[in-house]
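Reviewing the structure listed below.
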Amino acid sequence: MAPLPLFLLFLSCLLFLQPSHSLLSANYYRKSCPKFEQIMQETVTNKQITSPTTAAATLRLFFHDCLIEGCDGSILISSTPFNKAERDADINLSLPGDAFDLVVRAKSALELSCPGVVSCADILAVAARDLTTIVGGPFYNVLLGRKDGLTSKASSIEGNLPRPTMSISQIISMFASRGFSIQEMVALSGAHTIGFSHCKEFSNGIYNFSKTQQTDPSYNPRFAEGLRRACSDYQNNPTLSVFNDLMTPNKFDNLYYQNLAKGLGLLASDHALYSDSRTRTYVEMYAADEKAFFEAFGRAMEKLSVYGVKTGARGEIRRRCDAFNSF
């Protein structure tokens, strides 16, 4: 029989080697914060009613958080004179304020009910799921118990978030390096069924595309003409934007995929999903079957929501979502 100290050491090693996401659970706050779900639902619903773009904003914020250091709320940290945080990286400067505001509101309400218990990372994960459901999308399970990350650096962003100008091979490789299949990547791209994109993100496709063509031929000609009119002043007004899904911009459905076949995709990466044989099969599948899309999106979001999560001493429960406790 092994001496007790060695046995305890063996157990501690097992816990250390155990994947972080296996330490999460659906009812993590049942005893420590019994009103967690109620507070989240009320806060999320009220925010979405007053600011209908909150759902798309929060989904985007969640993606930009998880794909860097994992789903640890590092995107929420504000920069200081000593550290330029993730949210101030070039690609994150356009993240809508409504999503940040929602997290702050939820954290404030939860701190009054159960101070020092609920992580900002869990708030963001649940908010993204609840808002998806509110605007018509699928319900999926979100495990709880994430800790908030201890680092947030703008320098970690470049090359680790998909850009509209990236080739489909680059995007596939980026997701594959995080353990996501091509099908899962296409399903997650369906989040573009809601929200908007700034004109500067697709201007190369509608203005002076080449020496012989003004517009990328992937665009429906009438759609491209409408985009040029809508974005005519984008160089002077960088806030100009267009809905990702022209048909049902505020409803989570499968029309995003149907639009791609009609040349109504907004971003170059959207067009690439339809033109590349590796992804087109799934685009056509989800365009024809909304139920299949919802099921695939839900599974992919469940997988994304536990990617790189922090537990135990690898994280903390922040007192404020925009600052580490040590500052």
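By convention in this document, the chains of the structure tokens carry letters A, B, ... by their order, each chain's residues are numbered from 1, and ligands are numbered from 1 in the order they are shown.
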Can you build me a table of region 125-225 of chain A residues sitting at most 12 Å from region 273-281 of chain A, with the closest atom pair per residue and its distance in Å to one decimal, using only C-alpha atoms, sorted by chain and residue number, as a Markdown table?
| residue | atom | partner | partner_atom | distance |
| --- | --- | --- | --- | --- |
| A:Pro164 | CA | A:Leu273 | CA | 11.3 |
| A:Met166 | CA | A:Leu273 | CA | 11.5 |
| A:Ser167 | CA | A:Leu273 | CA | 9.8 |
| A:Ile168 | CA | A:Leu273 | CA | 7.0 |
| A:Ser169 | CA | A:Asp276 | CA | 9.3 |
| A:Ile171 | CA | A:Leu273 | CA | 10.1 |
| A:Ile172 | CA | A:Thr279 | CA | 9.3 |
| A:Ser181 | CA | A:Thr279 | CA | 10.6 |
| A:Ile182 | CA | A:Thr279 | CA | 6.8 |
| A:Gln183 | CA | A:Thr279 | CA | 7.2 |
| A:Glu184 | CA | A:Thr279 | CA | 10.2 |
| A:Met185 | CA | A:Thr279 | CA | 8.9 |
| A:Val186 | CA | A:Thr279 | CA | 6.8 |
| A:Ala187 | CA | A:Thr279 | CA | 10.1 |
| A:Leu188 | CA | A:Leu273 | CA | 11.9 |
| A:Ser189 | CA | A:Leu273 | CA | 9.0 |
| A:Gly190 | CA | A:Leu273 | CA | 10.7 |
| A:Pro217 | CA | A:Ser275 | CA | 11.7 |
| A:Ser218 | CA | A:Ser275 | CA | 8.7 |
| A:Tyr219 | CA | A:Tyr274 | CA | 11.8 |
Can I get the selection written as a compact mmCIF listing (two decimals), in the first residue's frame, with N, CA, C and O atoms?
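Once written, selection_16.txt looks like this:
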# COMPACT_ATOMS: atom_id res chain seq x y z
N PRO A 164 -11.71 38.85 -43.12
CA PRO A 164 -12.50 38.65 -44.35
C PRO A 164 -11.64 38.45 -45.59
O PRO A 164 -12.09 37.83 -46.56
N MET A 166 -8.79 36.76 -45.73
CA MET A 166 -8.02 35.52 -45.70
C MET A 166 -8.56 34.53 -46.72
O MET A 166 -9.76 34.50 -47.01
N SER A 167 -7.68 33.70 -47.24
CA SER A 167 -8.12 32.63 -48.13
C SER A 167 -8.84 31.56 -47.32
O SER A 167 -8.66 31.47 -46.09
N ILE A 168 -9.65 30.76 -48.01
CA ILE A 168 -10.38 29.72 -47.30
C ILE A 168 -9.41 28.70 -46.71
O ILE A 168 -9.66 28.14 -45.63
N SER A 169 -8.27 28.48 -47.35
CA SER A 169 -7.27 27.55 -46.82
C SER A 169 -6.70 28.06 -45.52
O SER A 169 -6.47 27.29 -44.57
N ILE A 171 -8.24 30.03 -43.38
CA ILE A 171 -9.28 29.94 -42.35
C ILE A 171 -9.46 28.50 -41.89
O ILE A 171 -9.58 28.22 -40.70
N ILE A 172 -9.45 27.57 -42.84
CA ILE A 172 -9.55 26.15 -42.49
C ILE A 172 -8.40 25.76 -41.58
O ILE A 172 -8.58 25.07 -40.57
N SER A 181 -13.19 20.89 -37.25
CA SER A 181 -13.25 20.36 -38.60
C SER A 181 -13.75 21.42 -39.58
O SER A 181 -14.25 22.48 -39.17
N ILE A 182 -13.66 21.12 -40.86
CA ILE A 182 -14.18 22.03 -41.88
C ILE A 182 -15.67 22.22 -41.70
O ILE A 182 -16.19 23.33 -41.78
N GLN A 183 -16.38 21.14 -41.42
CA GLN A 183 -17.83 21.25 -41.23
C GLN A 183 -18.17 22.13 -40.03
O GLN A 183 -19.10 22.94 -40.09
N GLU A 184 -17.43 21.99 -38.96
CA GLU A 184 -17.67 22.83 -37.77
C GLU A 184 -17.39 24.30 -38.07
O GLU A 184 -18.11 25.20 -37.63
N MET A 185 -16.35 24.55 -38.86
CA MET A 185 -16.03 25.92 -39.24
C MET A 185 -17.15 26.54 -40.07
O MET A 185 -17.55 27.69 -39.86
N VAL A 186 -17.68 25.77 -41.01
CA VAL A 186 -18.78 26.27 -41.85
C VAL A 186 -20.02 26.53 -41.00
O VAL A 186 -20.72 27.52 -41.19
N ALA A 187 -20.29 25.65 -40.05
CA ALA A 187 -21.45 25.83 -39.17
C ALA A 187 -21.30 27.09 -38.32
O ALA A 187 -22.24 27.88 -38.18
N LEU A 188 -20.11 27.32 -37.77
CA LEU A 188 -19.88 28.51 -36.96
C LEU A 188 -19.97 29.79 -37.80
O LEU A 188 -20.40 30.83 -37.30
N SER A 189 -19.61 29.69 -39.07
CA SER A 189 -19.72 30.84 -39.97
C SER A 189 -21.17 31.28 -40.14
O SER A 189 -21.43 32.42 -40.52
N GLY A 190 -22.09 30.38 -39.84
CA GLY A 190 -23.51 30.71 -39.95
C GLY A 190 -23.94 31.80 -38.98
O GLY A 190 -25.05 32.33 -39.11
N PRO A 217 -16.76 39.41 -59.37
CA PRO A 217 -17.87 38.72 -60.05
C PRO A 217 -18.64 37.76 -59.15
O PRO A 217 -19.71 37.27 -59.55
N SER A 218 -18.14 37.49 -57.94
CA SER A 218 -18.87 36.63 -57.01
C SER A 218 -20.15 37.30 -56.53
O SER A 218 -21.09 36.63 -56.10
N TYR A 219 -20.18 38.65 -56.57
CA TYR A 219 -21.36 39.39 -56.14
C TYR A 219 -22.46 39.37 -57.20
O TYR A 219 -22.17 39.49 -58.40
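CA of Glu42 (chain A) to CA of Ser94 (chain A) spans 26.6 Å [interatomic distance, one decimal].
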**Nearest candidate to Phe36 (chain A) (options A:Thr50, A:Ser78, A:Ser152, A:Ser113; using only C-alpha atoms)** =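 Between A:Thr50, A:Ser78, A:Ser152, A:Ser113, the residue approaching Phe36 (chain A) most closely is A:Ser113.
Considering only C-alpha atoms, the residue among A:Thr311, A:Thr215, A:Ser232, A:Ser269 positioned nearest to Cys71 (chain A) is A:Thr311.
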